[in-house]
file coords39.cif (mmCIF, C-alpha atoms and all ligand atoms)
data_model
#
loop_
_atom_site.label_atom_id
_atom_site.label_comp_id
_atom_site.auth_asym_id
_atom_site.auth_seq_id
_atom_site.Cartn_x
_atom_site.Cartn_y
_atom_site.Cartn_z
CA MET A 1 -98.99 -9.04 42.48
CA GLU A 2 -102.56 -9.97 43.30
CA LYS A 3 -102.95 -11.62 39.95
CA ASN A 4 -99.75 -13.56 40.27
CA LYS A 5 -100.79 -15.07 43.54
CA LYS A 6 -103.93 -16.44 42.07
CA LYS A 7 -102.02 -18.15 39.27
CA GLY A 8 -100.23 -20.41 41.72
CA PRO A 9 -96.44 -20.81 41.77
CA GLN A 10 -94.65 -17.56 40.95
CA LYS A 11 -92.39 -17.58 37.97
CA ASP A 12 -90.87 -14.24 37.17
CA SER A 13 -92.00 -11.73 39.72
CA GLY A 14 -89.56 -8.84 39.16
CA LYS A 15 -85.99 -8.17 40.17
CA GLU A 16 -86.32 -7.54 43.91
CA SER A 17 -87.83 -10.82 44.97
CA LEU A 18 -85.55 -13.76 45.46
CA SER A 19 -86.97 -16.91 44.02
CA ARG A 20 -86.56 -20.19 45.88
CA ARG A 21 -84.30 -21.53 43.12
CA LYS A 22 -82.10 -18.44 43.05
CA PHE A 23 -81.75 -18.58 46.81
CA PHE A 24 -80.56 -22.19 46.81
CA VAL A 25 -78.20 -21.59 43.88
CA SER A 26 -76.59 -18.62 45.66
CA ALA A 27 -76.40 -20.48 48.95
CA GLY A 28 -74.83 -23.44 47.17
CA ASN A 29 -72.30 -21.26 45.34
CA ALA A 30 -71.40 -19.46 48.54
CA ALA A 31 -70.87 -22.79 50.31
CA ILE A 32 -68.63 -24.03 47.51
CA GLY A 33 -66.70 -20.76 47.61
CA ILE A 34 -66.13 -20.96 51.34
CA ALA A 35 -65.11 -24.61 51.12
CA ALA A 36 -62.67 -23.79 48.27
CA LEU A 37 -61.08 -20.92 50.20
CA GLY A 38 -60.87 -23.08 53.29
CA SER A 39 -59.17 -25.92 51.47
CA LEU A 40 -56.73 -23.49 49.89
CA GLY A 41 -55.93 -22.20 53.37
CA VAL A 42 -55.36 -25.59 54.96
CA THR A 43 -53.34 -26.73 51.94
CA LEU A 44 -51.00 -23.74 52.17
CA ASP A 45 -50.71 -24.39 55.88
CA PHE A 46 -49.95 -28.04 55.21
CA LEU A 47 -47.24 -27.03 52.73
CA SER A 48 -45.27 -24.92 55.21
CA PRO A 49 -43.33 -27.16 57.58
CA LYS A 50 -43.75 -26.45 61.29
CA VAL A 51 -40.63 -28.19 62.55
CA LEU A 52 -37.37 -27.51 60.74
CA LEU A 53 -34.14 -29.34 61.42
CA GLU A 54 -32.13 -26.19 60.88
CA LEU A 55 -29.26 -24.84 62.96
CA PRO A 56 -29.98 -22.42 65.83
CA ARG A 57 -29.41 -18.78 64.87
CA ARG A 58 -27.80 -17.81 68.18
CA PHE A 59 -24.85 -19.95 69.19
CA VAL A 60 -21.33 -20.19 70.57
CA VAL A 61 -18.73 -19.75 67.81
CA GLY A 62 -15.75 -20.50 70.04
CA MET A 63 -13.87 -19.83 73.23
CA LEU A 64 -12.19 -16.49 73.68
CA ALA A 65 -8.83 -18.16 74.39
CA ASN A 66 -8.94 -20.16 71.15
CA MET A 67 -9.37 -17.21 68.80
CA GLN A 68 -6.16 -15.28 68.46
CA PRO A 69 -5.90 -11.59 67.48
CA ASN A 70 -5.43 -11.11 63.74
CA SER A 71 -7.25 -14.33 62.89
CA VAL A 72 -10.07 -15.25 60.54
CA THR A 73 -12.29 -18.21 61.36
CA PHE A 74 -14.70 -19.69 58.84
CA ASP A 75 -17.70 -21.55 60.26
CA ALA A 76 -18.93 -23.62 57.31
CA GLU A 77 -21.99 -24.98 59.10
CA HIS A 78 -23.38 -21.60 60.05
CA ARG A 79 -22.00 -19.86 56.96
CA LEU A 80 -20.19 -17.28 58.97
CA ILE A 81 -16.77 -15.62 58.97
CA VAL A 82 -15.50 -14.45 62.37
CA PHE A 83 -12.69 -11.88 62.43
CA ARG A 84 -10.52 -11.01 65.39
CA ASP A 85 -8.69 -7.82 64.60
CA LYS A 86 -5.09 -6.93 65.45
CA GLN A 87 -6.32 -4.70 68.27
CA GLY A 88 -8.31 -7.61 69.63
CA TYR A 89 -11.94 -6.77 68.82
CA PHE A 90 -14.27 -9.25 67.15
CA TYR A 91 -16.83 -9.03 64.40
CA ALA A 92 -18.80 -11.56 62.38
CA LEU A 93 -19.92 -11.42 58.75
CA SER A 94 -22.35 -13.67 56.95
CA ALA A 95 -20.57 -15.82 54.37
CA VAL A 96 -23.68 -15.80 52.16
CA CYS A 97 -23.12 -13.60 49.12
CA THR A 98 -25.76 -10.87 48.85
CA HIS A 99 -25.99 -11.41 45.12
CA LEU A 100 -27.55 -14.87 44.79
CA GLY A 101 -26.46 -16.72 47.89
CA CYS A 102 -23.20 -18.53 47.16
CA ILE A 103 -20.66 -18.95 49.95
CA VAL A 104 -17.91 -16.33 49.89
CA GLU A 105 -14.29 -17.05 50.76
CA TRP A 106 -11.68 -15.12 52.72
CA LYS A 107 -8.64 -14.30 50.54
CA GLU A 108 -5.71 -13.43 52.76
CA THR A 109 -3.52 -12.22 49.92
CA GLY A 110 -6.05 -9.60 48.87
CA ILE A 111 -6.16 -7.85 45.50
CA PRO A 112 -4.29 -4.78 44.18
CA GLY A 113 -5.39 -1.86 46.33
CA HIS A 114 -6.57 -4.14 49.13
CA PRO A 115 -3.49 -5.86 50.55
CA GLU A 116 -5.24 -6.42 53.91
CA GLY A 117 -7.25 -9.23 52.29
CA VAL A 118 -10.66 -9.45 50.63
CA ILE A 119 -13.73 -11.66 50.66
CA ALA A 120 -14.50 -13.11 47.24
CA CYS A 121 -17.52 -14.94 45.82
CA PRO A 122 -16.77 -17.83 43.44
CA CYS A 123 -20.11 -17.66 41.60
CA HIS A 124 -20.22 -14.35 39.75
CA GLY A 125 -17.11 -12.63 41.05
CA SER A 126 -18.35 -10.24 43.73
CA ILE A 127 -15.56 -8.92 45.99
CA PHE A 128 -16.07 -7.47 49.46
CA ASN A 129 -13.57 -5.74 51.72
CA LYS A 130 -12.52 -6.99 55.13
CA THR A 131 -15.52 -5.40 56.84
CA GLY A 132 -18.01 -6.68 54.30
CA ASP A 133 -18.56 -3.70 51.98
CA VAL A 134 -18.84 -4.34 48.25
CA ILE A 135 -15.68 -3.52 46.31
CA ARG A 136 -17.00 -4.80 43.02
CA GLY A 137 -19.26 -7.29 41.31
CA PRO A 138 -22.96 -7.89 41.04
CA ALA A 139 -23.58 -8.00 44.80
CA PRO A 140 -26.08 -5.21 45.53
CA HIS A 141 -25.07 -4.50 49.14
CA SER A 142 -22.61 -5.41 51.87
CA LEU A 143 -22.51 -8.78 53.61
CA ASP A 144 -24.84 -9.19 56.59
CA ARG A 145 -23.27 -8.18 59.90
CA PHE A 146 -24.27 -9.78 63.17
CA LYS A 147 -24.10 -8.82 66.83
CA MET A 148 -21.65 -10.68 69.03
CA TYR A 149 -21.53 -11.18 72.77
CA LEU A 150 -18.99 -12.38 75.31
CA GLU A 151 -20.50 -14.61 77.97
CA ASP A 152 -18.21 -16.40 80.44
CA GLU A 153 -15.25 -16.68 78.07
CA LYS A 154 -17.52 -17.84 75.22
CA ILE A 155 -17.94 -15.88 72.01
CA ILE A 156 -21.58 -15.85 70.95
CA VAL A 157 -23.09 -14.74 67.64
CA ASP A 158 -26.72 -13.78 67.16
CA MET A 159 -27.72 -14.31 63.54
CA THR A 160 -31.38 -13.48 64.07
CA GLU A 161 -30.88 -9.84 63.09
CA THR A 162 -28.37 -7.80 61.17
CA VAL A 163 -26.69 -4.74 62.63
CA SER A 164 -24.66 -1.77 61.39
CA GLU A 165 -20.90 -1.70 60.92
CA GLU A 166 -20.38 0.04 64.31
CA GLU A 167 -22.76 -2.22 66.23
CA MET A 168 -21.13 -5.41 64.98
CA ILE A 169 -17.86 -4.72 66.84
CA LEU A 170 -17.34 -6.68 70.06
CA LYS A 171 -14.59 -5.14 72.18
CA VAL A 172 -12.93 -7.57 74.57
CA MET B 1 -55.28 -59.95 7.47
CA ASP B 2 -58.91 -59.05 7.12
CA SER B 3 -59.87 -61.46 9.91
CA GLN B 4 -62.31 -60.57 12.62
CA PHE B 5 -59.42 -60.37 15.08
CA TRP B 6 -57.61 -57.82 12.91
CA ARG B 7 -60.73 -55.81 12.42
CA SER B 8 -61.52 -55.80 16.14
CA ILE B 9 -58.28 -53.84 16.59
CA PHE B 10 -57.90 -51.88 13.34
CA ARG B 11 -61.22 -50.67 12.13
CA THR B 12 -60.03 -49.78 8.63
CA ARG B 13 -60.85 -52.43 6.06
CA LEU B 14 -58.11 -53.85 3.91
CA PRO B 15 -57.15 -53.64 1.12
CA ILE B 16 -57.00 -49.91 0.73
CA LYS B 17 -58.32 -48.78 -2.62
CA THR B 18 -60.14 -45.50 -2.54
CA ASN B 19 -59.32 -42.09 -1.13
CA LEU B 20 -62.03 -42.71 1.44
CA ASP B 21 -60.10 -45.77 2.66
CA ARG B 22 -56.98 -43.68 2.87
CA SER B 23 -58.66 -40.97 4.88
CA LEU B 24 -60.17 -43.59 7.19
CA ILE B 25 -56.69 -44.82 8.11
CA ILE B 26 -55.92 -41.40 9.51
CA PHE B 27 -59.35 -40.95 10.97
CA ASN B 28 -59.40 -44.29 12.80
CA SER B 29 -55.94 -44.10 14.30
CA LEU B 30 -55.28 -42.55 17.68
CA ALA B 31 -51.72 -41.63 16.79
CA MET B 32 -52.38 -40.27 13.31
CA HIS B 33 -55.58 -38.38 13.83
CA ILE B 34 -53.49 -35.65 15.37
CA HIS B 35 -53.70 -34.40 11.77
CA PRO B 36 -57.08 -33.86 10.20
CA VAL B 37 -58.02 -36.18 7.35
CA LYS B 38 -57.21 -33.42 4.90
CA VAL B 39 -54.32 -31.06 5.50
CA ARG B 40 -52.87 -28.27 3.43
CA GLU B 41 -49.90 -29.68 1.63
CA ARG B 42 -47.58 -27.01 2.93
CA ALA B 43 -48.53 -27.80 6.55
CA ILE B 44 -46.82 -31.19 6.42
CA ARG B 45 -43.75 -29.96 4.58
CA PHE B 46 -40.56 -30.11 6.65
CA SER B 47 -39.52 -26.58 5.71
CA TYR B 48 -42.80 -25.26 7.07
CA THR B 49 -42.62 -26.30 10.75
CA PHE B 50 -39.22 -28.00 10.82
CA TYR B 51 -41.27 -30.53 12.83
CA LEU B 52 -40.09 -28.71 15.94
CA GLY B 53 -43.28 -29.22 17.92
CA MET B 54 -43.34 -32.94 17.21
CA ILE B 55 -39.63 -33.28 17.98
CA SER B 56 -40.29 -31.59 21.33
CA PHE B 57 -43.14 -34.00 21.97
CA PHE B 58 -41.05 -37.06 21.16
CA LEU B 59 -38.29 -35.78 23.42
CA PHE B 60 -40.86 -35.47 26.19
CA VAL B 61 -41.94 -39.07 25.59
CA ALA B 62 -38.29 -40.14 25.72
CA LEU B 63 -37.89 -38.22 28.99
CA VAL B 64 -40.91 -39.93 30.52
CA VAL B 65 -39.64 -43.39 29.54
CA THR B 66 -36.05 -42.82 30.70
CA GLY B 67 -37.24 -40.87 33.75
CA VAL B 68 -39.52 -43.65 34.95
CA LEU B 69 -36.63 -46.12 34.57
CA LEU B 70 -34.29 -43.81 36.50
CA MET B 71 -36.83 -43.66 39.30
CA LEU B 72 -36.26 -47.38 39.92
CA TYR B 73 -32.73 -46.67 41.17
CA TYR B 74 -33.27 -43.27 42.72
CA GLN B 75 -34.21 -42.34 46.30
CA PRO B 76 -34.92 -38.68 47.05
CA ALA B 77 -32.99 -38.56 50.35
CA ILE B 78 -29.69 -37.19 51.62
CA PRO B 79 -27.13 -38.73 51.13
CA ASN B 80 -28.80 -41.55 49.13
CA ALA B 81 -29.55 -39.39 46.11
CA TYR B 82 -25.92 -38.64 45.32
CA ASN B 83 -24.84 -42.23 45.92
CA ASN B 84 -27.68 -43.49 43.74
CA MET B 85 -26.44 -41.32 40.90
CA LYS B 86 -22.94 -42.72 41.29
CA ASP B 87 -24.35 -46.27 41.34
CA LEU B 88 -26.35 -45.49 38.21
CA GLN B 89 -23.10 -44.46 36.54
CA TYR B 90 -20.78 -47.18 37.75
CA VAL B 91 -22.83 -50.14 38.99
CA VAL B 92 -26.18 -50.36 37.22
CA SER B 93 -25.96 -51.97 33.76
CA ASN B 94 -26.42 -49.29 31.11
CA GLY B 95 -27.30 -46.87 33.90
CA ILE B 96 -25.00 -44.17 32.60
CA PHE B 97 -26.50 -44.57 29.15
CA LEU B 98 -29.98 -44.08 30.57
CA ARG B 99 -28.94 -41.09 32.65
CA ASN B 100 -27.24 -39.48 29.68
CA MET B 101 -30.29 -40.09 27.52
CA HIS B 102 -32.43 -38.35 30.11
CA ARG B 103 -30.02 -35.48 30.44
CA TRP B 104 -29.43 -34.89 26.74
CA ALA B 105 -33.11 -35.21 25.93
CA ALA B 106 -33.81 -32.62 28.63
CA HIS B 107 -31.28 -30.16 27.20
CA LEU B 108 -32.52 -30.78 23.66
CA MET B 109 -36.12 -30.34 24.70
CA VAL B 110 -35.42 -26.88 26.07
CA ILE B 111 -33.78 -25.97 22.76
CA THR B 112 -36.46 -27.46 20.49
CA VAL B 113 -39.34 -25.98 22.48
CA PHE B 114 -37.70 -22.58 22.22
CA LEU B 115 -37.05 -22.94 18.49
CA HIS B 116 -40.65 -24.09 17.99
CA MET B 117 -41.76 -20.92 19.72
CA LEU B 118 -39.54 -18.83 17.44
CA ARG B 119 -40.93 -20.52 14.35
CA VAL B 120 -44.50 -19.85 15.48
CA PHE B 121 -43.56 -16.26 16.13
CA TYR B 122 -41.84 -15.60 12.82
CA LYS B 123 -44.64 -17.29 10.85
CA GLY B 124 -47.11 -15.06 12.66
CA ALA B 125 -48.99 -18.21 13.62
CA TYR B 126 -49.90 -16.78 17.02
CA GLN B 127 -52.52 -14.49 15.52
CA ARG B 128 -56.30 -14.80 15.72
CA PRO B 129 -57.83 -17.36 16.14
CA ARG B 130 -54.71 -19.01 17.60
CA GLU B 131 -53.95 -16.50 20.38
CA PHE B 132 -54.99 -18.89 23.12
CA ASN B 133 -52.79 -21.68 21.83
CA TRP B 134 -49.87 -19.26 22.06
CA VAL B 135 -50.76 -18.70 25.71
CA ILE B 136 -50.85 -22.46 26.31
CA GLY B 137 -47.48 -22.60 24.56
CA VAL B 138 -46.00 -20.07 26.95
CA PHE B 139 -47.04 -22.31 29.84
CA LEU B 140 -45.59 -25.35 28.07
CA PHE B 141 -42.28 -23.51 27.75
CA LEU B 142 -42.36 -22.52 31.43
CA LEU B 143 -43.15 -26.12 32.41
CA THR B 144 -40.17 -27.32 30.36
CA LEU B 145 -37.90 -24.89 32.21
CA LEU B 146 -39.38 -25.84 35.58
CA LEU B 147 -38.85 -29.53 34.83
CA SER B 148 -35.22 -28.80 34.04
CA TYR B 149 -34.84 -26.70 37.17
CA THR B 150 -36.41 -29.26 39.52
CA GLY B 151 -34.56 -32.15 37.85
CA TYR B 152 -31.29 -30.34 38.32
CA LEU B 153 -31.40 -30.71 42.10
CA LEU B 154 -32.02 -34.44 42.06
CA PRO B 155 -28.40 -35.67 41.65
CA TYR B 156 -27.67 -33.57 44.76
CA ASP B 157 -24.10 -32.70 43.88
CA GLN B 158 -22.33 -29.35 44.17
CA LEU B 159 -23.67 -28.13 40.85
CA SER B 160 -27.24 -29.03 41.84
CA TYR B 161 -27.02 -27.43 45.22
CA TRP B 162 -25.67 -24.08 44.09
CA ALA B 163 -27.81 -23.83 40.97
CA VAL B 164 -30.91 -24.33 43.09
CA THR B 165 -29.62 -21.88 45.71
CA VAL B 166 -29.25 -19.23 43.03
CA GLY B 167 -32.67 -20.05 41.52
CA ALA B 168 -34.43 -19.95 44.88
CA ASN B 169 -32.85 -16.59 45.66
CA ILE B 170 -34.07 -15.19 42.36
CA VAL B 171 -37.59 -16.23 43.45
CA LYS B 172 -37.05 -14.18 46.61
CA TYR B 173 -37.08 -10.99 44.54
CA VAL B 174 -40.74 -11.49 43.56
CA PRO B 175 -42.56 -8.52 45.15
CA VAL B 176 -44.43 -9.12 48.43
CA VAL B 177 -44.80 -12.92 48.27
CA GLY B 178 -41.25 -13.77 47.12
CA LYS B 179 -40.00 -14.89 50.52
CA SER B 180 -43.06 -17.05 51.22
CA ILE B 181 -42.82 -18.72 47.81
CA ARG B 182 -39.16 -19.48 48.48
CA PHE B 183 -40.03 -20.94 51.88
CA LEU B 184 -42.77 -23.14 50.41
CA LEU B 185 -40.60 -24.21 47.49
CA LEU B 186 -37.67 -25.19 49.69
CA GLY B 187 -39.79 -26.43 52.58
CA GLY B 188 -37.59 -24.36 54.90
CA ASN B 189 -35.05 -21.57 54.85
CA GLU B 190 -32.24 -23.66 53.45
CA ILE B 191 -32.00 -26.46 50.92
CA GLY B 192 -32.41 -29.73 52.79
CA GLU B 193 -34.28 -33.04 52.97
CA TYR B 194 -37.65 -31.39 52.46
CA THR B 195 -36.39 -29.50 49.42
CA LEU B 196 -35.16 -32.65 47.78
CA VAL B 197 -38.49 -34.45 48.30
CA ARG B 198 -40.46 -31.41 47.12
CA PHE B 199 -38.41 -31.10 43.96
CA TYR B 200 -38.68 -34.84 43.39
CA VAL B 201 -42.47 -34.83 43.65
CA LEU B 202 -42.68 -31.77 41.41
CA HIS B 203 -40.25 -33.24 38.90
CA CYS B 204 -41.64 -36.76 38.71
CA VAL B 205 -45.37 -36.29 39.35
CA ILE B 206 -46.87 -32.83 39.35
CA LEU B 207 -45.04 -31.12 36.49
CA PRO B 208 -45.17 -34.14 34.11
CA LEU B 209 -48.92 -34.46 34.75
CA MET B 210 -49.44 -30.78 34.05
CA MET B 211 -47.26 -31.08 30.97
CA THR B 212 -49.22 -34.07 29.67
CA SER B 213 -52.57 -32.33 30.16
CA LEU B 214 -51.41 -29.11 28.55
CA ILE B 215 -49.85 -30.93 25.59
CA GLY B 216 -53.22 -32.62 25.05
CA LEU B 217 -54.99 -29.28 25.17
CA HIS B 218 -52.36 -27.74 22.84
CA PHE B 219 -52.85 -30.44 20.18
CA TRP B 220 -56.61 -30.35 20.46
CA ARG B 221 -56.59 -26.59 19.99
CA ILE B 222 -54.49 -26.90 16.82
CA ARG B 223 -57.30 -28.95 15.28
CA LYS B 224 -60.09 -26.72 16.58
CA ASP B 225 -58.33 -23.56 15.43
CA GLY B 226 -58.37 -24.94 11.88
CA GLY B 227 -55.12 -26.82 11.55
CA LEU B 228 -51.68 -25.32 11.13
CA TYR B 229 -51.59 -21.71 10.09
C1 LIG A 301 -42.33 -37.85 33.38
C2 LIG A 301 -41.25 -37.23 33.08
C3 LIG A 301 -39.98 -37.29 33.87
C4 LIG A 301 -39.57 -38.15 34.88
C5 LIG A 301 -40.34 -39.33 35.48
C6 LIG A 301 -38.26 -37.73 35.26
C7 LIG A 301 -37.47 -38.32 36.26
C8 LIG A 301 -36.20 -37.92 36.63
C9 LIG A 301 -35.37 -38.53 37.65
C10 LIG A 301 -35.77 -39.71 38.55
C11 LIG A 301 -34.21 -37.86 37.68
C12 LIG A 301 -33.04 -38.11 38.61
C13 LIG A 301 -31.98 -38.91 37.98
C14 LIG A 301 -31.10 -38.03 37.13
O1 LIG A 301 -30.64 -36.97 37.62
O2 LIG A 301 -30.83 -38.42 36.01
C15 LIG A 301 -34.27 -36.81 36.68
C16 LIG A 301 -33.26 -35.89 36.37
C17 LIG A 301 -33.35 -34.82 35.48
N1 LIG A 301 -34.44 -34.48 34.72
FE1 LIG A 301 -36.14 -35.57 34.59
N2 LIG A 301 -37.91 -36.64 34.48
C18 LIG A 301 -38.94 -36.33 33.62
C19 LIG A 301 -39.01 -35.31 32.66
C20 LIG A 301 -38.05 -34.33 32.48
C21 LIG A 301 -38.17 -33.20 31.57
C22 LIG A 301 -39.36 -32.93 30.65
C23 LIG A 301 -37.02 -32.46 31.69
C24 LIG A 301 -36.62 -31.18 31.00
C25 LIG A 301 -37.06 -30.70 29.91
C26 LIG A 301 -36.20 -33.14 32.68
C27 LIG A 301 -34.95 -32.69 33.08
C28 LIG A 301 -34.11 -33.33 33.97
C29 LIG A 301 -32.77 -32.93 34.30
C30 LIG A 301 -32.00 -31.72 33.72
C31 LIG A 301 -32.29 -33.87 35.23
C32 LIG A 301 -30.91 -33.92 35.82
C33 LIG A 301 -30.24 -35.03 35.05
C34 LIG A 301 -28.84 -35.35 35.48
O3 LIG A 301 -28.26 -34.60 36.27
O4 LIG A 301 -28.33 -36.38 35.01
N3 LIG A 301 -36.85 -34.26 33.14
N4 LIG A 301 -35.50 -36.87 36.05
S1 LIG A 302 -23.76 -15.24 44.20
FE1 LIG A 302 -21.95 -14.20 44.73
S2 LIG A 302 -21.54 -13.08 42.98
FE2 LIG A 302 -23.41 -14.05 42.45
#

call {"tool": "encode", "arguments": {"input": "coords39.cif", "output": "structure tokens"}}
result
Amino acid sequence: MEKNKKKGPQKDSGKESLSRRKFFVSAGNAAIGIAALGSLGVTLDFLSPKVLLELPRRFVVGMLANMQPNSVTFDAEHRLIVFRDKQGYFYALSAVCTHLGCIVEWKETGIPGHPEGVIACPCHGSIFNKTGDVIRGPAPHSLDRFKMYLEDEKIIVDMTETVSEEEMILKV
Amino acid sequence: MDSQFWRSIFRTRLPIKTNLDRSLIIFNSLAMHIHPVKVRERAIRFSYTFYLGMISFFLFVALVVTGVLLMLYYQPAIPNAYNNMKDLQYVVSNGIFLRNMHRWAAHLMVITVFLHMLRVFYKGAYQRPREFNWVIGVFLFLLTLLLSYTGYLLPYDQLSYWAVTVGANIVKYVPVVGKSIRFLLLGGNEIGEYTLVRFYVLHCVILPLMMTSLIGLHFWRIRKDGGLY
């Protein structure tokens, strides 16, 4: 060490010591790294829209008086099928097929074994029963079921979360 | 012909007499120096490559030319996009011809790129030292499929809408990040205005640029890896 000092500028003084050049190279690389990560972050942020002109997920599907018992109402905009059973209770199923997202259709005539009617998907042939369970086809699970409410004669559906077969029933 | 003007453009001297002159024609030409000056005879035989790579490349060039022309009558907005497509078919002179050229070339390109890949595979041409060019090729194939997929939404008809719905839901099954990728790809939870613009920019700018760069790299590698296997 003593010798080195006398020789003037240090060149290769062992592993531990950080030369001036090495220090600036590392600092520079670190700065570039941080800037790169930062720009990746802001770019991803830029790419995800903050305001979406999409439909509200909780809304009024109709007035109680307008939906008769034993009726099926298809809401194309919200992709929803609303059933009012013979006994009078309501339930709502998503019309989006759980296979790959096509819009399913209510078939009143049903199929052999299911005369009460079925819900069929036009894309790859999935068939669901009247309460949304898979009868056959590539669909991996039942249609999404949503909670419904009755608020001053208005029937409201909340599509923000899915519920079980029992919870979806709205008794009126 | 051997004027200064001619020679300022074509550096090869005329008339061509020797083998050196012949090799210089290849060497001095941008289009032809894709081949080295000397190639193995079998490498330029039709039965060897079936020219599948070059056919794919020419289809891509045809797609760029017809695609740029289609852009002149196409607006990526709802409902303009669909109406533009109808106008292209029924109002614009030769519009339907152009659209069909673009569409058929796109279908053909998927087929020829795939067959090219098969030929490389069955010839064993993916082996050392050409492994990396195989990897580039895989990306070229993916880009071809992505171009088809993004282009498919642009007419914005029923077929487009549902095909892209199905595709975007397949993306959702990617572990962990699937849902975020779908959201970024669609620019929302459903296909809408943002989706159309995103697919348009991908289809007409980003993917073609990536394709062009990778094709360049692919060709350059063929030369550097010692010509065709
Ligand atoms: C620079 C290159 C390209 C440009 C500028 C371009 C541009 C366009 C435009 C403006 C459209 C909308 C009009 C239409 O639907 O016909 C379109 C559609 C389409 N493009 Fe491209 N394109 C390019 C390359 C490709 C490639 C490489 C493929 C596939 C291998 C492809 C596949 C398609 C398909 C399948 C459609 C739908 C065609 C139809 O429905 O008629 N495009 N393209
Ligand atoms: S999307 Fe319904 S069966 Fe495939």

call {"tool": "atom_distance", "arguments": {"input": "coords39.cif", "atom1": "CA of Phe90 (chain A)", "atom2": "CA of Cys121 (chain A)"}}
result
22.3 Å

call {"tool": "residues_near_ligand", "arguments": {"input": "coords39.cif", "ligand": "ligand LIG 302 (chain A)", "cutoff": "8 Å", "atoms": "only C-alpha atoms and all ligand atoms", "output": "PyMOL selection string"}}
result
(chain A and resi 96-104+120-127+137-139) or (chain B and resi 166)

call {"tool": "closest_residue", "arguments": {"input": "coords39.cif", "among": "B:Phe50, B:Tyr229, B:Phe132, B:Tyr74", "to": "ligand LIG 301 (chain A)", "atoms": "only C-alpha atoms and all ligand atoms"}}
result
B:Tyr74

call {"tool": "residues_near_point", "arguments": {"input": "coords39.cif", "point": "(-34.6, -28.2, 23.1)", "cutoff": "10 Å", "atoms": "only C-alpha atoms", "output": "ChimeraX atom specification"}}
result
/B:52,55-56,59,104-116,144

call {"tool": "interface_residues", "arguments": {"input": "coords39.cif", "of": "chain B", "to": "chain A", "cutoff": "7 Å", "atoms": "all atoms listed in the file", "output": "list in words"}}
result
Trp162, Thr165, Val166, Asn169, Ile170, Leu184, Gly187 and Gly188 of chain B

call {"tool": "axis_aligned_box", "arguments": {"input": "coords39.cif", "around": "ligand LIG 301 (chain A)", "padding_each_side": "6 Å", "output": "JSON"}}
result
{"center_x": -35.3, "center_y": -35.2, "center_z": 34.3, "size_x": 26.1, "size_y": 21.0, "size_z": 20.7}

call {"tool": "residues_near_ligand", "arguments": {"input": "coords39.cif", "ligand": "ligand LIG 301 (chain A)", "cutoff": "7 Å", "atoms": "all atoms listed in the file", "output": "compact mmCIF listing (two decimals) with C-alpha atoms, in the coordinates of the input"}}
result
# COMPACT_ATOMS: atom_id res chain seq x y z
CA PHE B 60 -40.86 -35.47 26.19
CA LEU B 63 -37.89 -38.22 28.99
CA VAL B 64 -40.91 -39.93 30.52
CA GLY B 67 -37.24 -40.87 33.75
CA VAL B 68 -39.52 -43.65 34.95
CA LEU B 70 -34.29 -43.81 36.50
CA MET B 71 -36.83 -43.66 39.30
CA TYR B 74 -33.27 -43.27 42.72
CA MET B 85 -26.44 -41.32 40.90
CA ARG B 99 -28.94 -41.09 32.65
CA ASN B 100 -27.24 -39.48 29.68
CA HIS B 102 -32.43 -38.35 30.11
CA ARG B 103 -30.02 -35.48 30.44
CA ALA B 106 -33.81 -32.62 28.63
CA HIS B 107 -31.28 -30.16 27.20
CA MET B 109 -36.12 -30.34 24.70
CA VAL B 110 -35.42 -26.88 26.07
CA THR B 144 -40.17 -27.32 30.36
CA LEU B 145 -37.90 -24.89 32.21
CA LEU B 147 -38.85 -29.53 34.83
CA SER B 148 -35.22 -28.80 34.04
CA TYR B 149 -34.84 -26.70 37.17
CA GLY B 151 -34.56 -32.15 37.85
CA TYR B 152 -31.29 -30.34 38.32
CA LEU B 154 -32.02 -34.44 42.06
CA PRO B 155 -28.40 -35.67 41.65
CA HIS B 203 -40.25 -33.24 38.90
CA CYS B 204 -41.64 -36.76 38.71
CA VAL B 205 -45.37 -36.29 39.35
CA PRO B 208 -45.17 -34.14 34.11

call {"tool": "atom_distance", "arguments": {"input": "coords39.cif", "atom1": "CA of Arg11 (chain B)", "atom2": "CA of Leu30 (chain B)"}}
result
11.5 Å

call {"tool": "atom_distance", "arguments": {"input": "coords39.cif", "atom1": "CA of Leu217 (chain B)", "atom2": "CA of Leu146 (chain B)"}}
result
19.1 Å

call {"tool": "residues_around", "arguments": {"input": "coords39.cif", "residues": "region 70-78 of chain A", "least_positions_apart": "5", "cutoff": "9 Å", "atoms": "all atoms listed in the file", "output": "number ranges by chain"}}
result
A: 55-57, 61, 83-88, 94-95, 103, 105-106

call {"tool": "write_last_selection", "arguments": {"input": "coords39.cif", "atoms": "C-alpha atoms", "output": "mmCIF file, keeping the file's coordinate frame"}}
result
data_model
loop_
_atom_site.group_PDB
_atom_site.id
_atom_site.type_symbol
_atom_site.label_atom_id
_atom_site.label_comp_id
_atom_site.auth_asym_id
_atom_site.auth_seq_id
_atom_site.Cartn_x
_atom_site.Cartn_y
_atom_site.Cartn_z
ATOM 1 C CA LEU A 55 -29.260 -24.840 62.960
ATOM 2 C CA PRO A 56 -29.980 -22.420 65.830
ATOM 3 C CA ARG A 57 -29.410 -18.780 64.870
ATOM 4 C CA VAL A 61 -18.730 -19.750 67.810
ATOM 5 C CA PHE A 83 -12.690 -11.880 62.430
ATOM 6 C CA ARG A 84 -10.520 -11.010 65.390
ATOM 7 C CA ASP A 85 -8.690 -7.820 64.600
ATOM 8 C CA LYS A 86 -5.090 -6.930 65.450
ATOM 9 C CA GLN A 87 -6.320 -4.700 68.270
ATOM 10 C CA GLY A 88 -8.310 -7.610 69.630
ATOM 11 C CA SER A 94 -22.350 -13.670 56.950
ATOM 12 C CA ALA A 95 -20.570 -15.820 54.370
ATOM 13 C CA ILE A 103 -20.660 -18.950 49.950
ATOM 14 C CA GLU A 105 -14.290 -17.050 50.760
ATOM 15 C CA TRP A 106 -11.680 -15.120 52.720
#
